[in-house]
Amino acid sequence: MAKPHPLQAAADVAQTREDTAVKALADSQQRLVDQQNRLQMLVMFRGEYAVQFQQESGGGISARRFQDYAAFLNSLDQGIAQSQQQLESLQLELQRRQQTWVQTHAKTKGLEEVIDRDQKTLLRREDQREQRDNDERNLRNPGSRQRSAGGESD
């Protein structure tokens with residue numbers, strides 16, 4: 001069994017960190033989509049409620065009913081403002097997590113490239129050593145190559 005590369009443990013840690021960053025990024029993306037949907041629903045509901053208020057107030061409504069509508073629309077506006085703030089916060093969080101993932105991915109990739117390059121260099125040296133050993137063997141015993149190449153014609 002081949003001896004592990006000295007940087008393999010670091011590459012494994014980097015991969016674990018990258019996996020964690022990917023999961024956090026996916027979580028942020030999902031929360032952002034959920035918040036966008038909530039905001040869209042609030043805006044849609046507020047629009048429907050405002051239309052209902054206009055229709056009902058066109059025929060004349062009591063002052064109490066008018067205050068209730070106005071208070072509820074105000075509450076919806078506050079909820080929409082809070083939802084928009086949360087959305088902005090989640091967008092910033094998503095950007096931070098994307099940056100974190102990009103950084104961890106670059107570290108992981110860099111370590112993997114170093115390990116891969118070192119392994120290729122090691123294999124190339126091993127192949128060169130084997131070729132040198134074969135060449136030396138053939139130089140020391142030139143008849144073995146001729147016999148094996150011409151052995152079938154006897």
# chains A, B, ... in the order shown; residues from 1 in each chain; ligands from 1
>>> residues_around(residues="range 83-88 of chain A", least_positions_apart="6", cutoff="12 Å", atoms="only C-alpha atoms", output="ChimeraX atom specification")
/A:28-43,76-77,94-95
>>> write_last_selection(atoms="C-alpha atoms", output="mmCIF file, in the first residue's frame")
data_model
loop_
_atom_site.group_PDB
_atom_site.id
_atom_site.type_symbol
_atom_site.label_atom_id
_atom_site.label_comp_id
_atom_site.auth_asym_id
_atom_site.auth_seq_id
_atom_site.Cartn_x
_atom_site.Cartn_y
_atom_site.Cartn_z
ATOM 1 C CA SER A 28 -28.567 30.301 2.972
ATOM 2 C CA GLN A 29 -29.894 29.980 -0.541
ATOM 3 C CA GLN A 30 -32.942 28.100 0.700
ATOM 4 C CA ARG A 31 -33.620 30.609 3.469
ATOM 5 C CA LEU A 32 -33.310 33.442 0.952
ATOM 6 C CA VAL A 33 -35.827 31.777 -1.376
ATOM 7 C CA ASP A 34 -38.190 31.165 1.549
ATOM 8 C CA GLN A 35 -37.937 34.804 2.628
ATOM 9 C CA GLN A 36 -38.528 35.996 -0.941
ATOM 10 C CA ASN A 37 -41.674 33.866 -1.057
ATOM 11 C CA ARG A 38 -42.885 35.219 2.297
ATOM 12 C CA LEU A 39 -42.302 38.790 1.163
ATOM 13 C CA GLN A 40 -44.093 38.137 -2.104
ATOM 14 C CA MET A 41 -47.065 36.682 -0.228
ATOM 15 C CA LEU A 42 -47.191 39.658 2.140
ATOM 16 C CA VAL A 43 -47.106 42.138 -0.734
ATOM 17 C CA LEU A 76 -48.914 44.819 6.828
ATOM 18 C CA ASP A 77 -46.637 47.671 5.734
ATOM 19 C CA LEU A 94 -25.488 34.491 1.114
ATOM 20 C CA GLN A 95 -22.704 36.643 -0.323
#
>>> residues_around(residues="Lys107 in chain A", least_positions_apart="2", cutoff="12 Å", atoms="only C-alpha atoms", output="JSON list (two decimals) with N, CA and C atoms, in the first residue's frame")
[["chain", "number", "residue", "atom", "x", "y", "z"],
["A", 7, "LEU", "N", 0.66, 15.93, 2.66],
["A", 7, "LEU", "CA", -0.39, 16.94, 2.70],
["A", 7, "LEU", "C", -1.81, 16.36, 2.65],
["A", 10, "ALA", "N", -4.10, 17.46, 5.47],
["A", 10, "ALA", "CA", -4.53, 18.85, 5.28],
["A", 10, "ALA", "C", -5.59, 18.92, 4.18],
["A", 11, "ALA", "N", -5.42, 18.14, 3.12],
["A", 11, "ALA", "CA", -6.40, 18.13, 2.03],
["A", 11, "ALA", "C", -7.74, 17.58, 2.52],
["A", 12, "ASP", "N", -7.69, 16.57, 3.38],
["A", 12, "ASP", "CA", -8.93, 16.02, 3.94],
["A", 12, "ASP", "C", -9.66, 17.04, 4.81],
["A", 13, "VAL", "N", -8.90, 17.77, 5.62],
["A", 13, "VAL", "CA", -9.50, 18.82, 6.46],
["A", 13, "VAL", "C", -10.09, 19.92, 5.57],
["A", 14, "ALA", "N", -9.35, 20.30, 4.53],
["A", 14, "ALA", "CA", -9.84, 21.33, 3.61],
["A", 14, "ALA", "C", -11.12, 20.87, 2.92],
["A", 15, "GLN", "N", -11.18, 19.59, 2.55],
["A", 15, "GLN", "CA", -12.38, 19.06, 1.89],
["A", 15, "GLN", "C", -13.56, 19.07, 2.86],
["A", 16, "THR", "N", -13.32, 18.73, 4.10],
["A", 16, "THR", "CA", -14.38, 18.76, 5.11],
["A", 16, "THR", "C", -14.89, 20.19, 5.30],
["A", 17, "ARG", "N", -13.97, 21.15, 5.34],
["A", 17, "ARG", "CA", -14.38, 22.56, 5.47],
["A", 17, "ARG", "C", -15.16, 23.01, 4.24],
["A", 18, "GLU", "N", -14.72, 22.57, 3.08],
["A", 18, "GLU", "CA", -15.44, 22.93, 1.86],
["A", 18, "GLU", "C", -16.85, 22.33, 1.87],
["A", 100, "THR", "N", -16.93, 32.47, 1.35],
["A", 100, "THR", "CA", -16.32, 31.42, 2.17],
["A", 100, "THR", "C", -16.15, 30.15, 1.36],
["A", 101, "TRP", "N", -17.18, 29.79, 0.61],
["A", 101, "TRP", "CA", -17.07, 28.57, -0.21],
["A", 101, "TRP", "C", -15.98, 28.73, -1.27],
["A", 102, "VAL", "N", -15.93, 29.88, -1.92],
["A", 102, "VAL", "CA", -14.91, 30.10, -2.96],
["A", 102, "VAL", "C", -13.51, 29.94, -2.34],
["A", 103, "GLN", "N", -13.30, 30.50, -1.16],
["A", 103, "GLN", "CA", -12.00, 30.40, -0.51],
["A", 103, "GLN", "C", -11.67, 28.96, -0.11],
["A", 104, "THR", "N", -12.64, 28.27, 0.48],
["A", 104, "THR", "CA", -12.37, 26.89, 0.90],
["A", 104, "THR", "C", -12.18, 25.99, -0.31],
["A", 105, "HIS", "N", -12.93, 26.24, -1.37],
["A", 105, "HIS", "CA", -12.77, 25.45, -2.60],
["A", 105, "HIS", "C", -11.38, 25.67, -3.19],
["A", 109, "LYS", "N", -8.73, 22.73, -3.74],
["A", 109, "LYS", "CA", -8.23, 22.48, -5.10],
["A", 109, "LYS", "C", -6.72, 22.63, -5.15],
["A", 110, "GLY", "N", -6.20, 23.65, -4.48],
["A", 110, "GLY", "CA", -4.75, 23.87, -4.47],
["A", 110, "GLY", "C", -4.01, 22.70, -3.85],
["A", 111, "LEU", "N", -4.50, 22.23, -2.71],
["A", 111, "LEU", "CA", -3.85, 21.07, -2.07],
["A", 111, "LEU", "C", -3.95, 19.83, -2.94],
["A", 112, "GLU", "N", -5.11, 19.61, -3.56],
["A", 112, "GLU", "CA", -5.28, 18.44, -4.42],
["A", 112, "GLU", "C", -4.34, 18.51, -5.62],
["A", 113, "GLU", "N", -4.14, 19.72, -6.15],
["A", 113, "GLU", "CA", -3.24, 19.88, -7.30],
["A", 113, "GLU", "C", -1.80, 19.60, -6.90],
["A", 114, "VAL", "N", -1.40, 20.06, -5.71],
["A", 114, "VAL", "CA", -0.04, 19.79, -5.23],
["A", 114, "VAL", "C", 0.16, 18.28, -5.06]]
>>> closest_residue(among="A:Tyr69, A:Leu123, A:Ala24, A:Tyr49", to="Gln99 in chain A", atoms="only C-alpha atoms")
A:Ala24
>>> closest_residue(among="A:Ile80, A:Asp116, A:Arg137, A:Val22", to="Arg46 in chain A", atoms="only C-alpha atoms")
A:Ile80
>>> atom_distance(atom1="CA of Lys3 in chain A", atom2="CA of Arg132 in chain A")
23.5 Å
>>> residues_around(residues="Ala2 in chain A", least_positions_apart="2", cutoff="12 Å", atoms="only C-alpha atoms", output="list in words")
Pro4, His5, Pro6, Gln119, Leu122 and Leu123 of chain A
>>> write_last_selection(atoms="C-alpha atoms", output="PDB file, in the first residue's frame")
ATOM      1  CA  PRO A   4      -0.076   8.708   2.024  1.00  0.00           C
ATOM      2  CA  HIS A   5       1.104  12.094   0.838  1.00  0.00           C
ATOM      3  CA  PRO A   6       2.282  14.396   3.655  1.00  0.00           C
ATOM      4  CA  GLN A 119       2.211  11.824  -7.325  1.00  0.00           C
ATOM      5  CA  LEU A 122       6.852  10.280  -8.187  1.00  0.00           C
ATOM      6  CA  LEU A 123       5.363   7.976 -10.850  1.00  0.00           C
TER       7      LEU A 123
END
>>> closest_residue(among="A:Phe45, A:Gln91, A:Arg117, A:Leu25", to="Ser75 in chain A", atoms="only C-alpha atoms")
A:Phe45
>>> atom_distance(atom1="CA of Asp135 in chain A", atom2="CA of Lys120 in chain A")
22.2 Å
>>> decode(residues="range 46-88 of chain A", atoms="N, CA and C atoms", output="JSON list (two decimals), in the first residue's frame")
[["chain", "number", "residue", "atom", "x", "y", "z"],
["A", 46, "ARG", "N", -51.28, 42.26, 0.94],
["A", 46, "ARG", "CA", -51.52, 43.68, 1.20],
["A", 46, "ARG", "C", -52.26, 44.32, 0.03],
["A", 47, "GLY", "N", -51.87, 43.95, -1.19],
["A", 47, "GLY", "CA", -52.55, 44.47, -2.37],
["A", 47, "GLY", "C", -54.01, 44.06, -2.42],
["A", 48, "GLU", "N", -54.27, 42.79, -2.12],
["A", 48, "GLU", "CA", -55.66, 42.31, -2.11],
["A", 48, "GLU", "C", -56.48, 43.01, -1.02],
["A", 49, "TYR", "N", -55.87, 43.20, 0.12],
["A", 49, "TYR", "CA", -56.57, 43.85, 1.24],
["A", 49, "TYR", "C", -56.85, 45.32, 0.92],
["A", 50, "ALA", "N", -55.87, 45.98, 0.27],
["A", 50, "ALA", "CA", -56.06, 47.39, -0.11],
["A", 50, "ALA", "C", -57.20, 47.54, -1.12],
["A", 51, "VAL", "N", -57.27, 46.60, -2.06],
["A", 51, "VAL", "CA", -58.37, 46.63, -3.04],
["A", 51, "VAL", "C", -59.70, 46.43, -2.32],
["A", 52, "GLN", "N", -59.74, 45.50, -1.41],
["A", 52, "GLN", "CA", -60.97, 45.24, -0.65],
["A", 52, "GLN", "C", -61.35, 46.49, 0.15],
["A", 53, "PHE", "N", -60.37, 47.14, 0.73],
["A", 53, "PHE", "CA", -60.62, 48.37, 1.49],
["A", 53, "PHE", "C", -61.20, 49.46, 0.59],
["A", 54, "GLN", "N", -60.62, 49.63, -0.59],
["A", 54, "GLN", "CA", -61.12, 50.65, -1.52],
["A", 54, "GLN", "C", -62.55, 50.35, -1.96],
["A", 55, "GLN", "N", -62.80, 49.09, -2.24],
["A", 55, "GLN", "CA", -64.15, 48.71, -2.69],
["A", 55, "GLN", "C", -65.17, 48.96, -1.58],
["A", 56, "GLU", "N", -64.81, 48.56, -0.40],
["A", 56, "GLU", "CA", -65.75, 48.71, 0.72],
["A", 56, "GLU", "C", -65.93, 50.18, 1.11],
["A", 57, "SER", "N", -64.84, 50.95, 1.05],
["A", 57, "SER", "CA", -64.94, 52.35, 1.45],
["A", 57, "SER", "C", -65.64, 53.20, 0.38],
["A", 58, "GLY", "N", -65.73, 52.70, -0.84],
["A", 58, "GLY", "CA", -66.44, 53.41, -1.90],
["A", 58, "GLY", "C", -67.92, 53.53, -1.60],
["A", 59, "GLY", "N", -68.44, 52.60, -0.89],
["A", 59, "GLY", "CA", -69.87, 52.62, -0.55],
["A", 59, "GLY", "C", -70.12, 53.27, 0.79],
["A", 60, "GLY", "N", -69.07, 53.71, 1.45],
["A", 60, "GLY", "CA", -69.21, 54.33, 2.76],
["A", 60, "GLY", "C", -69.08, 53.31, 3.86],
["A", 61, "ILE", "N", -68.16, 53.51, 4.78],
["A", 61, "ILE", "CA", -67.98, 52.61, 5.91],
["A", 61, "ILE", "C", -67.89, 53.43, 7.19],
["A", 62, "SER", "N", -68.07, 52.77, 8.28],
["A", 62, "SER", "CA", -68.02, 53.46, 9.58],
["A", 62, "SER", "C", -66.58, 53.89, 9.88],
["A", 63, "ALA", "N", -66.48, 54.83, 10.76],
["A", 63, "ALA", "CA", -65.16, 55.32, 11.17],
["A", 63, "ALA", "C", -64.37, 54.20, 11.84],
["A", 64, "ARG", "N", -65.04, 53.38, 12.60],
["A", 64, "ARG", "CA", -64.38, 52.25, 13.29],
["A", 64, "ARG", "C", -63.81, 51.27, 12.26],
["A", 65, "ARG", "N", -64.61, 50.95, 11.26],
["A", 65, "ARG", "CA", -64.18, 50.02, 10.21],
["A", 65, "ARG", "C", -63.00, 50.63, 9.44],
["A", 66, "PHE", "N", -63.06, 51.93, 9.18],
["A", 66, "PHE", "CA", -61.99, 52.62, 8.48],
["A", 66, "PHE", "C", -60.69, 52.54, 9.29],
["A", 67, "GLN", "N", -60.79, 52.74, 10.59],
["A", 67, "GLN", "CA", -59.61, 52.67, 11.46],
["A", 67, "GLN", "C", -59.03, 51.25, 11.47],
["A", 68, "ASP", "N", -59.91, 50.26, 11.51],
["A", 68, "ASP", "CA", -59.45, 48.86, 11.49],
["A", 68, "ASP", "C", -58.69, 48.55, 10.20],
["A", 69, "TYR", "N", -59.25, 48.96, 9.08],
["A", 69, "TYR", "CA", -58.57, 48.76, 7.80],
["A", 69, "TYR", "C", -57.21, 49.46, 7.79],
["A", 70, "ALA", "N", -57.21, 50.72, 8.21],
["A", 70, "ALA", "CA", -55.97, 51.50, 8.19],
["A", 70, "ALA", "C", -54.92, 50.89, 9.12],
["A", 71, "ALA", "N", -55.34, 50.45, 10.30],
["A", 71, "ALA", "CA", -54.41, 49.83, 11.24],
["A", 71, "ALA", "C", -53.85, 48.53, 10.68],
["A", 72, "PHE", "N", -54.72, 47.75, 10.05],
["A", 72, "PHE", "CA", -54.26, 46.48, 9.49],
["A", 72, "PHE", "C", -53.31, 46.71, 8.32],
["A", 73, "LEU", "N", -53.63, 47.67, 7.46],
["A", 73, "LEU", "CA", -52.72, 48.00, 6.34],
["A", 73, "LEU", "C", -51.37, 48.51, 6.86],
["A", 74, "ASN", "N", -51.43, 49.29, 7.95],
["A", 74, "ASN", "CA", -50.19, 49.77, 8.56],
["A", 74, "ASN", "C", -49.37, 48.59, 9.10],
["A", 75, "SER", "N", -50.04, 47.63, 9.73],
["A", 75, "SER", "CA", -49.35, 46.43, 10.24],
["A", 75, "SER", "C", -48.72, 45.65, 9.09],
["A", 76, "LEU", "N", -49.46, 45.52, 7.99],
["A", 76, "LEU", "CA", -48.91, 44.82, 6.83],
["A", 76, "LEU", "C", -47.70, 45.56, 6.27],
["A", 77, "ASP", "N", -47.78, 46.89, 6.23],
["A", 77, "ASP", "CA", -46.64, 47.67, 5.73],
["A", 77, "ASP", "C", -45.40, 47.46, 6.62],
["A", 78, "GLN", "N", -45.62, 47.43, 7.93],
["A", 78, "GLN", "CA", -44.50, 47.17, 8.85],
["A", 78, "GLN", "C", -43.94, 45.77, 8.65],
["A", 79, "GLY", "N", -44.83, 44.81, 8.47],
["A", 79, "GLY", "CA", -44.38, 43.45, 8.22],
["A", 79, "GLY", "C", -43.60, 43.35, 6.91],
["A", 80, "ILE", "N", -44.05, 44.05, 5.90],
["A", 80, "ILE", "CA", -43.34, 44.05, 4.61],
["A", 80, "ILE", "C", -41.96, 44.69, 4.78],
["A", 81, "ALA", "N", -41.88, 45.79, 5.52],
["A", 81, "ALA", "CA", -40.59, 46.46, 5.75],
["A", 81, "ALA", "C", -39.63, 45.54, 6.50],
["A", 82, "GLN", "N", -40.13, 44.83, 7.53],
["A", 82, "GLN", "CA", -39.30, 43.88, 8.27],
["A", 82, "GLN", "C", -38.85, 42.74, 7.37],
["A", 83, "SER", "N", -39.76, 42.26, 6.56],
["A", 83, "SER", "CA", -39.44, 41.16, 5.65],
["A", 83, "SER", "C", -38.38, 41.60, 4.64],
["A", 84, "GLN", "N", -38.47, 42.84, 4.18],
["A", 84, "GLN", "CA", -37.46, 43.35, 3.24],
["A", 84, "GLN", "C", -36.10, 43.47, 3.92],
["A", 85, "GLN", "N", -36.09, 43.89, 5.18],
["A", 85, "GLN", "CA", -34.83, 43.97, 5.93],
["A", 85, "GLN", "C", -34.23, 42.57, 6.11],
["A", 86, "GLN", "N", -35.07, 41.61, 6.43],
["A", 86, "GLN", "CA", -34.58, 40.24, 6.58],
["A", 86, "GLN", "C", -34.03, 39.71, 5.26],
["A", 87, "LEU", "N", -34.71, 40.06, 4.18],
["A", 87, "LEU", "CA", -34.26, 39.64, 2.86],
["A", 87, "LEU", "C", -32.88, 40.23, 2.56],
["A", 88, "GLU", "N", -32.70, 41.51, 2.85],
["A", 88, "GLU", "CA", -31.40, 42.14, 2.62],
["A", 88, "GLU", "C", -30.32, 41.48, 3.47]]
